[in-house]
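Structure file entry06.pdb (PDB, N, CA and C atoms) follows.
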```
ATOM      1  N   ALA A 847     -12.436   8.769  -1.365
ATOM      2  CA  ALA A 847     -11.083   8.907  -1.887
ATOM      3  C   ALA A 847     -10.502  10.261  -1.506
ATOM      4  N   ARG A 848     -11.307  11.309  -1.627
ATOM      5  CA  ARG A 848     -10.839  12.653  -1.268
ATOM      6  C   ARG A 848     -10.505  12.732   0.226
ATOM      7  N   ARG A 849     -11.386  12.180   1.040
ATOM      8  CA  ARG A 849     -11.181  12.206   2.488
ATOM      9  C   ARG A 849      -9.911  11.447   2.871
ATOM     10  N   ARG A 850      -9.692  10.295   2.264
ATOM     11  CA  ARG A 850      -8.491   9.504   2.564
ATOM     12  C   ARG A 850      -7.230  10.259   2.156
ATOM     13  N   ARG A 851      -7.265  10.943   1.007
ATOM     14  CA  ARG A 851      -6.102  11.726   0.555
ATOM     15  C   ARG A 851      -5.813  12.866   1.532
ATOM     16  N   LYS A 852      -6.883  13.529   2.023
ATOM     17  CA  LYS A 852      -6.697  14.622   2.981
ATOM     18  C   LYS A 852      -6.035  14.122   4.256
ATOM     19  N   LEU A 853      -6.289  12.867   4.606
ATOM     20  CA  LEU A 853      -5.690  12.273   5.804
ATOM     21  C   LEU A 853      -4.292  11.721   5.540
ATOM     22  N   GLY A 854      -3.828  11.845   4.286
ATOM     23  CA  GLY A 854      -2.489  11.385   3.935
ATOM     24  C   GLY A 854      -2.445   9.977   3.374
ATOM     25  N   GLY A 855      -3.593   9.411   3.078
ATOM     26  CA  GLY A 855      -3.641   8.043   2.560
ATOM     27  C   GLY A 855      -4.273   7.989   1.192
ATOM     28  N   GLY A 856      -4.985   6.924   0.950
ATOM     29  CA  GLY A 856      -5.653   6.749  -0.332
ATOM     30  C   GLY A 856      -6.710   5.668  -0.222
ATOM     31  N   LEU A 857      -7.514   5.551  -1.247
ATOM     32  CA  LEU A 857      -8.523   4.508  -1.338
ATOM     33  C   LEU A 857      -8.051   3.525  -2.394
ATOM     34  N   TYR A 858      -7.913   2.268  -2.021
ATOM     35  CA  TYR A 858      -7.398   1.236  -2.916
ATOM     36  C   TYR A 858      -8.407   0.109  -3.001
ATOM     37  N   LEU A 859      -8.668  -0.353  -4.204
ATOM     38  CA  LEU A 859      -9.667  -1.408  -4.414
ATOM     39  C   LEU A 859      -9.026  -2.605  -5.106
ATOM     40  N   TYR A 860      -9.339  -3.777  -4.583
ATOM     41  CA  TYR A 860      -8.781  -5.033  -5.088
ATOM     42  C   TYR A 860      -9.918  -5.926  -5.564
ATOM     43  N   ARG A 861      -9.744  -6.539  -6.719
ATOM     44  CA  ARG A 861     -10.727  -7.475  -7.282
ATOM     45  C   ARG A 861     -12.105  -6.842  -7.493
ATOM     46  N   THR A 862     -12.122  -5.634  -8.005
ATOM     47  CA  THR A 862     -13.384  -4.942  -8.245
ATOM     48  C   THR A 862     -14.081  -5.535  -9.460
ATOM     49  N   LYS A 863     -15.343  -5.881  -9.311
ATOM     50  CA  LYS A 863     -16.116  -6.442 -10.425
ATOM     51  C   LYS A 863     -16.358  -5.380 -11.487
ATOM     52  N   ALA A 864     -16.530  -5.830 -12.714
ATOM     53  CA  ALA A 864     -16.738  -4.931 -13.855
ATOM     54  C   ALA A 864     -17.959  -4.030 -13.650
ATOM     55  N   THR A 865     -19.014  -4.574 -13.084
ATOM     56  CA  THR A 865     -20.235  -3.769 -12.870
ATOM     57  C   THR A 865     -19.972  -2.617 -11.893
ATOM     58  N   ILE A 866     -19.147  -2.853 -10.898
ATOM     59  CA  ILE A 866     -18.815  -1.799  -9.936
ATOM     60  C   ILE A 866     -17.949  -0.734 -10.603
ATOM     61  N   ARG A 867     -16.987  -1.172 -11.402
ATOM     62  CA  ARG A 867     -16.139  -0.210 -12.120
ATOM     63  C   ARG A 867     -16.976   0.649 -13.076
ATOM     64  N   GLU A 868     -17.926   0.032 -13.760
ATOM     65  CA  GLU A 868     -18.816   0.781 -14.667
ATOM     66  C   GLU A 868     -19.619   1.813 -13.890
ATOM     67  N   PHE A 869     -20.157   1.413 -12.754
ATOM     68  CA  PHE A 869     -20.936   2.310 -11.900
ATOM     69  C   PHE A 869     -20.070   3.498 -11.454
ATOM     70  N   LEU A 870     -18.858   3.225 -10.994
ATOM     71  CA  LEU A 870     -17.955   4.283 -10.561
ATOM     72  C   LEU A 870     -17.564   5.195 -11.715
ATOM     73  N   SER A 871     -17.377   4.631 -12.883
ATOM     74  CA  SER A 871     -17.015   5.403 -14.061
ATOM     75  C   SER A 871     -18.150   6.351 -14.470
ATOM     76  N   ARG A 872     -19.370   5.832 -14.483
ATOM     77  CA  ARG A 872     -20.526   6.664 -14.862
ATOM     78  C   ARG A 872     -20.690   7.861 -13.939
ATOM     79  N   GLY A 873     -20.395   7.685 -12.674
ATOM     80  CA  GLY A 873     -20.533   8.769 -11.708
ATOM     81  C   GLY A 873     -19.311   9.671 -11.619
ATOM     82  N   GLY A 874     -18.270   9.391 -12.400
ATOM     83  CA  GLY A 874     -17.055  10.184 -12.365
ATOM     84  C   GLY A 874     -16.149   9.836 -11.192
ATOM     85  N   HIS A 875     -16.495   8.787 -10.462
ATOM     86  CA  HIS A 875     -15.733   8.413  -9.275
ATOM     87  C   HIS A 875     -14.449   7.656  -9.608
ATOM     88  N   LEU A 876     -14.448   6.978 -10.727
ATOM     89  CA  LEU A 876     -13.267   6.223 -11.143
ATOM     90  C   LEU A 876     -12.075   7.169 -11.289
ATOM     91  N   ARG A 877     -12.329   8.299 -11.874
ATOM     92  CA  ARG A 877     -11.294   9.321 -12.062
ATOM     93  C   ARG A 877     -10.854   9.883 -10.701
ATOM     94  N   GLU A 878     -11.812  10.071  -9.810
ATOM     95  CA  GLU A 878     -11.519  10.616  -8.471
ATOM     96  C   GLU A 878     -10.665   9.649  -7.651
ATOM     97  N   ILE A 879     -10.968   8.368  -7.729
ATOM     98  CA  ILE A 879     -10.221   7.349  -6.991
ATOM     99  C   ILE A 879      -8.830   7.196  -7.591
ATOM    100  N   GLY A 880      -8.778   7.190  -8.900
ATOM    101  CA  GLY A 880      -7.498   7.031  -9.599
ATOM    102  C   GLY A 880      -7.344   5.620 -10.127
ATOM    103  N   GLU A 881      -7.136   5.497 -11.400
ATOM    104  CA  GLU A 881      -6.991   4.192 -12.057
ATOM    105  C   GLU A 881      -5.867   3.371 -11.436
ATOM    106  N   GLU A 882      -4.805   4.055 -10.987
ATOM    107  CA  GLU A 882      -3.653   3.363 -10.387
ATOM    108  C   GLU A 882      -3.970   2.756  -9.022
ATOM    109  N   ASN A 883      -5.138   3.061  -8.478
ATOM    110  CA  ASN A 883      -5.524   2.538  -7.161
ATOM    111  C   ASN A 883      -6.448   1.333  -7.243
ATOM    112  N   PHE A 884      -6.627   0.799  -8.442
ATOM    113  CA  PHE A 884      -7.409  -0.429  -8.647
ATOM    114  C   PHE A 884      -6.428  -1.564  -8.934
ATOM    115  N   PHE A 885      -6.616  -2.661  -8.252
ATOM    116  CA  PHE A 885      -5.726  -3.808  -8.414
ATOM    117  C   PHE A 885      -6.539  -5.023  -8.827
ATOM    118  N   PRO A 886      -6.204  -5.631  -9.955
ATOM    119  CA  PRO A 886      -6.969  -6.774 -10.463
ATOM    120  C   PRO A 886      -6.704  -8.063  -9.672
ATOM    121  N   VAL A 887      -7.525  -9.056  -9.939
ATOM    122  CA  VAL A 887      -7.366 -10.381  -9.345
ATOM    123  C   VAL A 887      -5.966 -10.898  -9.637
ATOM    124  N   ARG A 888      -5.392 -11.579  -8.671
ATOM    125  CA  ARG A 888      -4.061 -12.188  -8.768
ATOM    126  C   ARG A 888      -2.915 -11.179  -8.870
ATOM    127  N   SER A 889      -3.219  -9.916  -8.649
ATOM    128  CA  SER A 889      -2.129  -8.955  -8.577
ATOM    129  C   SER A 889      -1.656  -8.947  -7.123
ATOM    130  N   ARG A 890      -0.555  -8.310  -6.874
ATOM    131  CA  ARG A 890      -0.023  -8.262  -5.511
ATOM    132  C   ARG A 890       0.001  -6.801  -5.072
ATOM    133  N   PRO A 891      -1.146  -6.299  -4.625
ATOM    134  CA  PRO A 891      -1.236  -4.876  -4.302
ATOM    135  C   PRO A 891      -0.289  -4.415  -3.202
ATOM    136  N   THR A 892       0.005  -5.260  -2.224
ATOM    137  CA  THR A 892       0.870  -4.795  -1.140
ATOM    138  C   THR A 892       2.266  -4.446  -1.637
ATOM    139  N   GLU A 893       2.743  -5.114  -2.655
ATOM    140  CA  GLU A 893       4.061  -4.782  -3.206
ATOM    141  C   GLU A 893       4.086  -3.346  -3.724
ATOM    142  N   LYS A 894       3.042  -2.949  -4.439
ATOM    143  CA  LYS A 894       2.976  -1.598  -4.992
ATOM    144  C   LYS A 894       2.659  -0.568  -3.905
ATOM    145  N   LEU A 895       1.767  -0.913  -2.996
ATOM    146  CA  LEU A 895       1.375   0.023  -1.945
ATOM    147  C   LEU A 895       2.494   0.236  -0.926
ATOM    148  N   TYR A 896       3.252  -0.790  -0.648
ATOM    149  CA  TYR A 896       4.327  -0.675   0.338
ATOM    150  C   TYR A 896       5.318   0.416  -0.061
ATOM    151  N   ALA A 897       5.610   0.514  -1.332
ATOM    152  CA  ALA A 897       6.553   1.528  -1.823
ATOM    153  C   ALA A 897       6.035   2.952  -1.603
ATOM    154  N   ARG A 898       4.741   3.110  -1.387
ATOM    155  CA  ARG A 898       4.153   4.436  -1.177
ATOM    156  C   ARG A 898       4.157   4.859   0.297
ATOM    157  N   LEU A 899       4.482   3.954   1.199
ATOM    158  CA  LEU A 899       4.446   4.264   2.625
ATOM    159  C   LEU A 899       5.628   5.140   3.036
ATOM    160  N   ASP A 900       5.476   5.809   4.155
ATOM    161  CA  ASP A 900       6.520   6.681   4.693
ATOM    162  C   ASP A 900       7.582   5.823   5.375
ATOM    163  N   PRO A 901       8.806   5.795   4.855
ATOM    164  CA  PRO A 901       9.844   4.938   5.433
ATOM    165  C   PRO A 901      10.202   5.300   6.875
ATOM    166  N   GLU A 902      10.048   6.555   7.264
ATOM    167  CA  GLU A 902      10.372   6.948   8.633
ATOM    168  C   GLU A 902       9.359   6.387   9.631
ATOM    169  N   ILE A 903       8.122   6.290   9.234
ATOM    170  CA  ILE A 903       7.115   5.659  10.103
ATOM    171  C   ILE A 903       7.398   4.162  10.171
ATOM    172  N   CYS A 904       7.693   3.562   9.036
ATOM    173  CA  CYS A 904       7.960   2.118   8.981
ATOM    174  C   CYS A 904       9.222   1.726   9.751
ATOM    175  N   ARG A 905      10.193   2.618   9.801
ATOM    176  CA  ARG A 905      11.460   2.338  10.474
ATOM    177  C   ARG A 905      11.251   1.960  11.939
ATOM    178  N   HIS A 906      10.263   2.569  12.581
ATOM    179  CA  HIS A 906      10.026   2.337  14.010
ATOM    180  C   HIS A 906       8.817   1.453  14.292
ATOM    181  N   CYS A 907       8.128   1.026  13.258
ATOM    182  CA  CYS A 907       6.930   0.190  13.420
ATOM    183  C   CYS A 907       7.337  -1.230  13.825
ATOM    184  N   GLN A 908       6.605  -1.784  14.758
ATOM    185  CA  GLN A 908       6.865  -3.148  15.211
ATOM    186  C   GLN A 908       5.858  -4.152  14.636
ATOM    187  N   ALA A 909       4.791  -3.666  14.009
ATOM    188  CA  ALA A 909       3.736  -4.561  13.521
ATOM    189  C   ALA A 909       4.209  -5.429  12.354
ATOM    190  N   ARG A 910       4.860  -4.823  11.396
ATOM    191  CA  ARG A 910       5.385  -5.523  10.204
ATOM    192  C   ARG A 910       4.370  -6.514   9.618
ATOM    193  N   ILE A 911       3.230  -5.982   9.214
ATOM    194  CA  ILE A 911       2.128  -6.822   8.736
ATOM    195  C   ILE A 911       2.287  -7.281   7.292
ATOM    196  N   PHE A 912       3.107  -6.607   6.506
ATOM    197  CA  PHE A 912       3.319  -7.006   5.121
ATOM    198  C   PHE A 912       4.600  -7.819   5.002
ATOM    199  N   ARG A 913       4.648  -8.716   4.066
ATOM    200  CA  ARG A 913       5.846  -9.526   3.814
ATOM    201  C   ARG A 913       7.057  -8.629   3.578
ATOM    202  N   GLU A 914       6.845  -7.557   2.845
ATOM    203  CA  GLU A 914       7.925  -6.641   2.499
ATOM    204  C   GLU A 914       8.531  -5.958   3.734
ATOM    205  N   CYS A 915       7.733  -5.798   4.783
ATOM    206  CA  CYS A 915       8.189  -5.122   6.009
ATOM    207  C   CYS A 915       9.404  -5.796   6.632
ATOM    208  N   HIS A 916       9.513  -7.086   6.468
ATOM    209  CA  HIS A 916      10.564  -7.848   7.131
ATOM    210  C   HIS A 916      11.913  -7.729   6.422
ATOM    211  N   GLU A 917      11.887  -7.327   5.165
ATOM    212  CA  GLU A 917      13.111  -7.307   4.374
ATOM    213  C   GLU A 917      13.706  -5.917   4.196
ATOM    214  N   ARG A 918      12.843  -4.934   3.979
ATOM    215  CA  ARG A 918      13.339  -3.601   3.641
ATOM    216  C   ARG A 918      12.300  -2.546   4.005
ATOM    217  N   LEU A 919      12.746  -1.301   4.067
ATOM    218  CA  LEU A 919      11.846  -0.174   4.269
ATOM    219  C   LEU A 919      11.250   0.199   2.908
ATOM    220  N   PRO A 920      10.181   0.973   2.895
ATOM    221  CA  PRO A 920       9.556   1.336   1.612
ATOM    222  C   PRO A 920      10.484   2.031   0.624
ATOM    223  N   ASP A 921      11.509   2.721   1.101
ATOM    224  CA  ASP A 921      12.433   3.393   0.184
ATOM    225  C   ASP A 921      13.528   2.462  -0.336
ATOM    226  N   GLY A 922      13.470   1.174   0.058
ATOM    227  CA  GLY A 922      14.428   0.193  -0.420
ATOM    228  C   GLY A 922      15.584  -0.068   0.535
ATOM    229  N   THR A 923      15.696   0.720   1.599
ATOM    230  CA  THR A 923      16.754   0.521   2.588
ATOM    231  C   THR A 923      16.566  -0.835   3.258
ATOM    232  N   PRO A 924      17.620  -1.657   3.318
ATOM    233  CA  PRO A 924      17.489  -2.956   3.981
ATOM    234  C   PRO A 924      17.087  -2.792   5.443
ATOM    235  N   ARG A 925      16.224  -3.655   5.900
ATOM    236  CA  ARG A 925      15.752  -3.628   7.288
ATOM    237  C   ARG A 925      16.852  -4.184   8.185
ATOM    238  N   THR A 926      17.123  -3.527   9.272
ATOM    239  CA  THR A 926      18.078  -4.008  10.260
ATOM    240  C   THR A 926      17.280  -4.542  11.434
ATOM    241  N   THR A 927      17.466  -5.787  11.752
ATOM    242  CA  THR A 927      16.751  -6.375  12.885
ATOM    243  C   THR A 927      17.446  -5.948  14.175
ATOM    244  N   PRO A 928      16.766  -5.972  15.314
ATOM    245  CA  PRO A 928      17.403  -5.584  16.577
ATOM    246  C   PRO A 928      18.656  -6.416  16.867
ATOM    247  N   LEU A 929      18.666  -7.703  16.487
ATOM    248  CA  LEU A 929      19.805  -8.562  16.717
ATOM    249  C   LEU A 929      21.015  -8.103  15.900
ATOM    250  N   GLU A 930      20.761  -7.766  14.631
ATOM    251  CA  GLU A 930      21.850  -7.288  13.768
ATOM    252  C   GLU A 930      22.404  -5.965  14.269
ATOM    253  N   ALA A 931      21.520  -5.079  14.743
ATOM    254  CA  ALA A 931      21.946  -3.785  15.234
ATOM    255  C   ALA A 931      22.820  -3.939  16.472
ATOM    256  N   ARG A 932      22.484  -4.892  17.347
ATOM    257  CA  ARG A 932      23.260  -5.133  18.563
ATOM    258  C   ARG A 932      24.671  -5.611  18.223
ATOM    259  N   GLY A 933      24.794  -6.427  17.198
ATOM    260  CA  GLY A 933      26.079  -6.956  16.792
ATOM    261  C   GLY A 933      27.010  -5.905  16.210
ATOM    262  N   ARG A 934      26.457  -4.803  15.738
ATOM    263  CA  ARG A 934      27.266  -3.744  15.124
ATOM    264  C   ARG A 934      27.803  -2.758  16.161
ATOM    265  N   GLN A 935      27.329  -2.823  17.380
ATOM    266  CA  GLN A 935      27.755  -1.855  18.402
ATOM    267  C   GLN A 935      29.134  -2.164  18.905
TER     268      GLN A 935
END
```
Take the structure I supplied and represent it as structure tokens, if you would.
Amino acid sequence: ARRRRKLGGGLYLYRTKATIREFLSRGGHLREIGEENFFPVRSRPTEKLYARLDPEICRHCQARIFRECHERLPDGTPRTTPLEARGRQ
């Protein structure tokens, strides 16, 4: 978690079993990772994580791997497709 933060990211865990959370808690790692970085079953972690991304990097990204990428930038700015941008010129 510390290494990922130093690189500008984070460590995020989805569907973590109770035994793993207990193990991490006993070692003090749960606090280090951050409670807000654990996502339970049936939650939608990409919705929360997308808002944490850098909108300037996303503005020029062509991968658009998350559903949210197609609609808006992480800061909420509506996404302009190349076709829409051409029509405005």
Identify all residues satisfying the PyMOL selection byres ((chain A and resi 880-887) around 5) in the given file; provide them as a compact mmCIF listing (two decimals) with N, CA and C atoms, in the frame of the given file.
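Here's the written file out_23.txt:
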```txt
# COMPACT_ATOMS: atom_id res chain seq x y z
N TYR A 858 -7.91 2.27 -2.02
CA TYR A 858 -7.40 1.24 -2.92
C TYR A 858 -8.41 0.11 -3.00
N LEU A 859 -8.67 -0.35 -4.20
CA LEU A 859 -9.67 -1.41 -4.41
C LEU A 859 -9.03 -2.60 -5.11
N TYR A 860 -9.34 -3.78 -4.58
CA TYR A 860 -8.78 -5.03 -5.09
C TYR A 860 -9.92 -5.93 -5.56
N ARG A 861 -9.74 -6.54 -6.72
CA ARG A 861 -10.73 -7.48 -7.28
C ARG A 861 -12.10 -6.84 -7.49
N LEU A 876 -14.45 6.98 -10.73
CA LEU A 876 -13.27 6.22 -11.14
C LEU A 876 -12.08 7.17 -11.29
N ARG A 877 -12.33 8.30 -11.87
CA ARG A 877 -11.29 9.32 -12.06
C ARG A 877 -10.85 9.88 -10.70
N GLU A 878 -11.81 10.07 -9.81
CA GLU A 878 -11.52 10.62 -8.47
C GLU A 878 -10.66 9.65 -7.65
N ILE A 879 -10.97 8.37 -7.73
CA ILE A 879 -10.22 7.35 -6.99
C ILE A 879 -8.83 7.20 -7.59
N ARG A 888 -5.39 -11.58 -8.67
CA ARG A 888 -4.06 -12.19 -8.77
C ARG A 888 -2.92 -11.18 -8.87
N SER A 889 -3.22 -9.92 -8.65
CA SER A 889 -2.13 -8.96 -8.58
C SER A 889 -1.66 -8.95 -7.12
```
Please, what distance in Å, to one decimal, runs between atom C of A:His875 and atom CA of A:Asp900?
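Computed distance, atom C of A:His875 to atom CA of A:Asp900, equals 25.4 Å.
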Can you list, as a tab-separated table (two decimals) with N, CA and C atoms, in the coordinates of the input, every protein, DNA or RNA residue that comes within 9 Å of A:Tyr896 when you count only C-alpha atoms, leaving out same-chain residues fewer than 5 positions away?
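Dumped everything to part-v5.tsv:
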```
chain	number	residue	atom	x	y	z
A	891	PRO	N	-1.15	-6.30	-4.62
A	891	PRO	CA	-1.24	-4.88	-4.30
A	891	PRO	C	-0.29	-4.42	-3.20
A	912	PHE	N	3.11	-6.61	6.51
A	912	PHE	CA	3.32	-7.01	5.12
A	912	PHE	C	4.60	-7.82	5.00
A	914	GLU	N	6.84	-7.56	2.84
A	914	GLU	CA	7.92	-6.64	2.50
A	914	GLU	C	8.53	-5.96	3.73
A	915	CYS	N	7.73	-5.80	4.78
A	915	CYS	CA	8.19	-5.12	6.01
A	915	CYS	C	9.40	-5.80	6.63
A	919	LEU	N	12.75	-1.30	4.07
A	919	LEU	CA	11.85	-0.17	4.27
A	919	LEU	C	11.25	0.20	2.91
A	920	PRO	N	10.18	0.97	2.90
A	920	PRO	CA	9.56	1.34	1.61
A	920	PRO	C	10.48	2.03	0.62
```
Using the chain letters and numbers from this document, which residues of chain A does DSSP assign to strand (DSSP E or B), as a PyMOL selection string?
chain A and resi 859-860+884-885+918+924
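Between atom CA of A:Asp921 and atom N of A:Thr862 the separation is 27.4 Å.
Nearest to A:Pro924 of all the residues A:Arg890, A:Pro901, A:Thr865, A:Leu857 is A:Pro901, counting only C-alpha atoms.
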Could you please write out, as a ChimeraX atom specification, every residue of chain A that DSSP assigns to helix (DSSP H, G or I)?
/A:848-852,864-872,875-879,881-883,891-896,901-906,913-916,928-933
Do you have the atom CA of A:Gly874-atom N of A:Leu899 distance handy?
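Between atom CA of A:Gly874 and atom N of A:Leu899 the gap is 26.2 Å.
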